[in-house]
$ cat my_file-v3.txt   # compact mmCIF, C-alpha atoms and all ligand atoms
# COMPACT_ATOMS: atom_id res chain seq x y z
CA MET A 1 11.62 13.80 -7.91
CA ARG A 2 11.17 11.05 -5.39
CA GLU A 3 10.18 12.16 -1.91
CA LEU A 4 7.96 9.36 -0.76
CA SER A 5 9.13 7.64 2.36
CA ARG A 6 8.49 4.51 4.38
CA PHE A 7 5.15 4.67 6.19
CA ILE A 8 3.00 2.90 8.70
CA ALA A 9 -0.77 3.36 8.51
CA ASP A 10 -2.88 3.36 11.65
CA ARG A 11 -6.24 1.58 11.68
CA MET A 12 -8.20 4.75 10.80
CA VAL A 13 -6.46 4.93 7.42
CA ASP A 14 -6.26 1.20 6.72
CA ARG A 15 -7.88 1.57 3.29
CA LEU A 16 -5.40 4.29 2.29
CA GLY A 17 -2.56 2.00 3.38
CA ARG A 18 -3.89 -0.80 1.18
CA TRP A 19 -4.13 1.49 -1.86
CA LEU A 20 -0.58 2.75 -1.33
CA ARG A 21 0.71 -0.83 -1.01
CA LEU A 22 -1.06 -1.71 -4.28
CA LEU A 23 0.86 1.16 -5.86
CA GLY A 24 4.04 -0.45 -4.51
CA GLU A 25 4.71 1.99 -1.68
CA ASP A 26 6.30 0.73 1.54
CA VAL A 27 3.42 1.10 4.01
CA ALA A 28 3.36 -1.20 7.03
CA PRO A 29 -0.14 -2.18 8.18
CA ALA A 30 -1.50 -1.03 11.55
CA PRO A 31 0.00 -2.86 14.55
CA THR A 32 -2.21 -3.91 17.46
CA SER A 33 -0.93 -1.28 19.89
CA THR A 34 -0.11 2.42 19.82
CA ASP A 35 3.24 1.62 21.44
CA ASP A 36 4.15 -0.58 18.47
CA LEU A 37 3.09 2.24 16.15
CA CYS A 38 5.39 4.64 17.99
CA ALA A 39 8.23 2.10 17.88
CA ALA A 40 7.84 1.90 14.09
CA ALA A 41 7.95 5.71 13.95
CA ALA A 42 11.11 5.72 16.08
CA ALA A 43 12.60 3.26 13.57
CA GLY A 44 11.95 5.78 10.79
CA ARG A 45 8.47 5.09 9.44
CA VAL A 46 6.20 8.09 8.93
CA VAL A 47 2.88 7.44 10.71
CA LEU A 48 -0.23 8.03 8.58
CA THR A 49 -3.13 8.83 10.89
CA ARG A 50 -6.38 10.75 11.31
CA ASP A 51 -6.07 10.60 15.12
CA THR A 52 -5.32 14.09 16.49
CA ARG A 53 -4.21 12.72 19.88
CA LEU A 54 -1.79 10.28 18.27
CA ARG A 55 -0.52 13.10 16.07
CA ALA A 56 0.14 15.25 19.16
CA ARG A 57 1.87 12.36 20.95
CA LEU A 58 4.16 11.71 17.98
CA GLU A 59 4.95 15.38 17.43
CA THR A 60 5.76 15.86 21.11
CA ALA A 61 8.14 12.91 20.93
CA GLY A 62 9.74 14.33 17.78
CA LEU A 63 8.57 11.35 15.71
CA PRO A 64 7.51 11.52 12.04
CA VAL A 65 3.77 11.81 11.37
CA LEU A 66 1.65 12.76 8.38
CA PHE A 67 -1.83 13.80 9.46
CA VAL A 68 -4.41 12.65 6.91
CA GLU A 69 -6.89 15.49 6.53
CA ASP A 70 -9.89 13.83 4.92
CA ASP A 71 -12.16 10.84 5.43
CA ARG A 72 -12.67 10.14 1.74
CA ILE A 73 -10.20 7.79 0.09
CA ASP A 74 -9.92 9.92 -3.06
CA ASP A 75 -9.03 13.04 -1.04
CA GLN A 76 -6.58 11.00 1.03
CA LEU A 77 -4.79 9.73 -2.09
CA ARG A 78 -4.68 13.27 -3.51
CA GLN A 79 -3.10 14.54 -0.27
CA ILE A 80 -0.37 11.87 -0.34
CA ASP A 81 0.26 12.59 -4.02
CA ARG A 82 0.44 16.35 -3.36
CA THR A 83 2.74 16.12 -0.34
CA CYS A 84 4.87 13.08 -1.22
CA GLY A 85 4.53 12.47 -4.97
CA LEU A 86 3.08 9.09 -5.99
CA GLY A 87 4.20 7.14 -9.03
CA GLY A 88 7.81 6.20 -8.30
CA ALA A 89 7.19 2.69 -7.02
CA VAL A 90 6.35 -0.50 -8.94
CA PRO A 91 2.59 -1.23 -8.68
CA PHE A 92 1.60 -4.72 -7.46
CA SER A 93 5.09 -5.44 -6.14
CA ARG A 94 3.98 -5.75 -2.48
CA CYS A 95 1.44 -7.78 -0.54
CA SER A 96 -1.58 -5.49 -0.11
CA ARG A 97 -2.31 -7.16 3.22
CA CYS A 98 1.06 -7.28 5.01
CA ASN A 99 3.45 -5.11 2.90
CA THR A 100 6.00 -7.86 2.16
CA VAL A 101 7.73 -7.60 -1.24
CA LEU A 102 6.23 -10.31 -3.49
CA THR A 103 8.16 -13.00 -5.29
CA PHE A 104 6.99 -13.85 -8.83
CA HIS A 105 6.64 -17.31 -10.26
CA ASP A 106 5.91 -19.19 -13.41
CA PRO A 107 2.32 -20.55 -13.08
CA ALA A 108 3.65 -24.12 -13.29
CA GLU A 109 5.63 -23.57 -10.08
CA VAL A 110 2.50 -22.73 -8.06
CA ALA A 111 -0.01 -24.87 -9.97
CA GLY A 112 -1.20 -26.72 -6.87
CA GLU A 113 -1.65 -23.51 -4.87
CA VAL A 114 -3.98 -21.49 -7.14
CA TRP A 115 -7.14 -22.24 -9.13
CA PRO A 116 -6.36 -24.25 -12.30
CA HIS A 117 -8.00 -21.50 -14.36
CA VAL A 118 -5.57 -18.94 -12.89
CA ALA A 119 -2.52 -21.14 -13.48
CA ARG A 120 -3.65 -21.65 -17.10
CA THR A 121 -4.34 -18.04 -18.00
CA GLN A 122 -1.82 -15.91 -16.06
CA PRO A 123 1.70 -15.28 -17.36
CA ARG A 124 3.09 -14.99 -13.82
CA ILE A 125 1.84 -15.25 -10.28
CA GLY A 126 2.92 -13.17 -7.30
CA HIS A 127 3.40 -14.82 -3.93
CA CYS A 128 3.77 -13.29 -0.47
CA PRO A 129 6.41 -15.26 1.45
CA THR A 130 5.08 -13.87 4.76
CA CYS A 131 1.32 -14.48 4.69
CA GLY A 132 1.18 -16.93 1.77
CA ARG A 133 -1.27 -15.02 -0.44
CA HIS A 134 -1.09 -15.32 -4.21
CA TYR A 135 -1.60 -12.40 -6.60
CA TRP A 136 -2.44 -12.18 -10.26
CA GLN A 137 -3.90 -9.60 -12.59
CA ALA A 138 -7.60 -9.90 -12.05
CA SER A 139 -10.54 -8.40 -13.89
CA HIS A 140 -10.89 -5.52 -11.39
CA LEU A 141 -7.54 -4.07 -12.53
CA GLY A 142 -9.31 -1.90 -15.12
CA ARG A 143 -11.66 -0.48 -12.47
CA MET A 144 -8.74 0.27 -10.15
CA ALA A 145 -6.86 2.04 -12.92
CA ALA A 146 -9.97 4.06 -13.83
CA PHE A 147 -10.45 5.08 -10.20
CA LEU A 148 -6.83 6.26 -9.90
CA ARG A 149 -7.06 8.14 -13.20
CA ARG A 150 -10.16 9.94 -11.97
CA VAL A 151 -8.63 10.74 -8.55
CA LEU A 152 -5.07 11.62 -9.52
CA GLY A 153 -5.53 12.63 -13.14
CA ARG A 154 -3.00 10.15 -14.50
CA ASP A 155 -2.37 6.46 -14.97
CA LEU A 156 -0.22 4.88 -12.29
CA LEU A 157 -0.87 1.23 -13.07
CA GLY A 158 0.46 1.20 -16.63
CA THR A 159 -2.84 -0.03 -18.08
CA ALA A 160 -3.71 2.90 -20.36
ZN ZN B 201 1.46 -10.86 2.82
$ encode --input "my_file-v3.txt" --output "structure tokens"
Amino acid sequence: MRELSRFIADRMVDRLGRWLRLLGEDVAPAPTSTDDLCAAAAAGRVVLTRDTRLRARLETAGLPVLFVEDDRIDDQLRQIDRTCGLGGAVPFSRCSRCNTVLTFHDPAEVAGEVWPHVARTQPRIGHCPTCGRHYWQASHLGRMAAFLRRVLGRDLLGTA
């Protein structure tokens, strides 16, 4: 079952948006204005927010919104998992900052753009064509996987 949709996270749930992007979900980061947020909703993105006024505005306009009930990141992730079903996307396939789908490269191709140690030790390196960031499997991957296992009760990063 795959029900998860395209989202846009407002600034109040920025951290949730970053976690969902790490899991590979299509979650646009918060724009600078509420009007831009509403435009994204009109274009079909479900707005993730903890702002009750924004929720009312979107609902009145007939636009898609998912009200995030809790402040804590673990409760927020559980809510998204419960209502939308996490686990269908490819983890680490998107830029956690800007949501662009990453391209993957042989370390030799990006040798001048990352630390020599990284180019030597990583089998492949992700690159965001929009904001230019590079991604590789770092040492905190195990901690992230452990956190998700504790919160959601299963492994979503394929590290078990
Ligand atoms: Zn990016």
$ residues_near_ligand --input "my_file-v3.txt" --ligand "ligand ZN 201 (chain B)" --cutoff "8 Å" --atoms "all atoms listed in the file" --output "list in words"
Arg94, Cys95, Ser96, Arg97, Cys98, Asn99, Thr100, Leu102, Cys128, Pro129, Thr130, Cys131, Gly132 and Arg133 of chain A
$ closest_residue --input "my_file-v3.txt" --among "A:Glu113, A:Arg21, A:Asp10, A:Tyr135" --to "A:Ser33" --atoms "only C-alpha atoms"
A:Asp10
$ closest_residue --input "my_file-v3.txt" --among "A:Phe92, A:Met12, A:Ala108, A:His134" --to "A:Phe67" --atoms "only C-alpha atoms"
A:Met12
$ closest_residue --input "my_file-v3.txt" --among "A:Ala30, A:Met144, A:Ala56, A:Ala43" --to "A:Asp14" --atoms "all atoms listed in the file"
A:Ala30
$ residues_around --input "my_file-v3.txt" --residues "A:Val90" --least-positions-apart "6" --cutoff "12 Å" --atoms "all atoms listed in the file" --output "list in words"
Leu20, Arg21, Leu22, Leu23, Gly24, Glu25, Asp26, Val101, Leu102, Leu156, Leu157 and Gly158 of chain A
$ closest_residue --input "my_file-v3.txt" --among "A:Arg53, A:Asp75, A:Arg120, A:Gly17" --to "A:Trp136" --atoms "only C-alpha atoms"
A:Arg120
$ atom_distance --input "my_file-v3.txt" --atom1 "atom CA of A:Trp19" --atom2 "atom CA of A:Glu59"
25.4 Å
$ atom_distance --input "my_file-v3.txt" --atom1 "atom CA of A:Ser139" --atom2 "atom CA of A:Gly88"
24.1 Å
$ residues_around --input "my_file-v3.txt" --residues "A:Arg154" --least-positions-apart "6" --cutoff "12 Å" --atoms "only C-alpha atoms" --output "list in words"
Arg78, Asp81, Leu86, Gly87, Ala145, Ala146, Phe147, Leu148 and Ala160 of chain A
$ closest_residue --input "my_file-v3.txt" --among "A:Ser5, A:Gln137, A:Ser93, A:Thr103" --to "A:Val47" --atoms "all atoms listed in the file"
A:Ser5
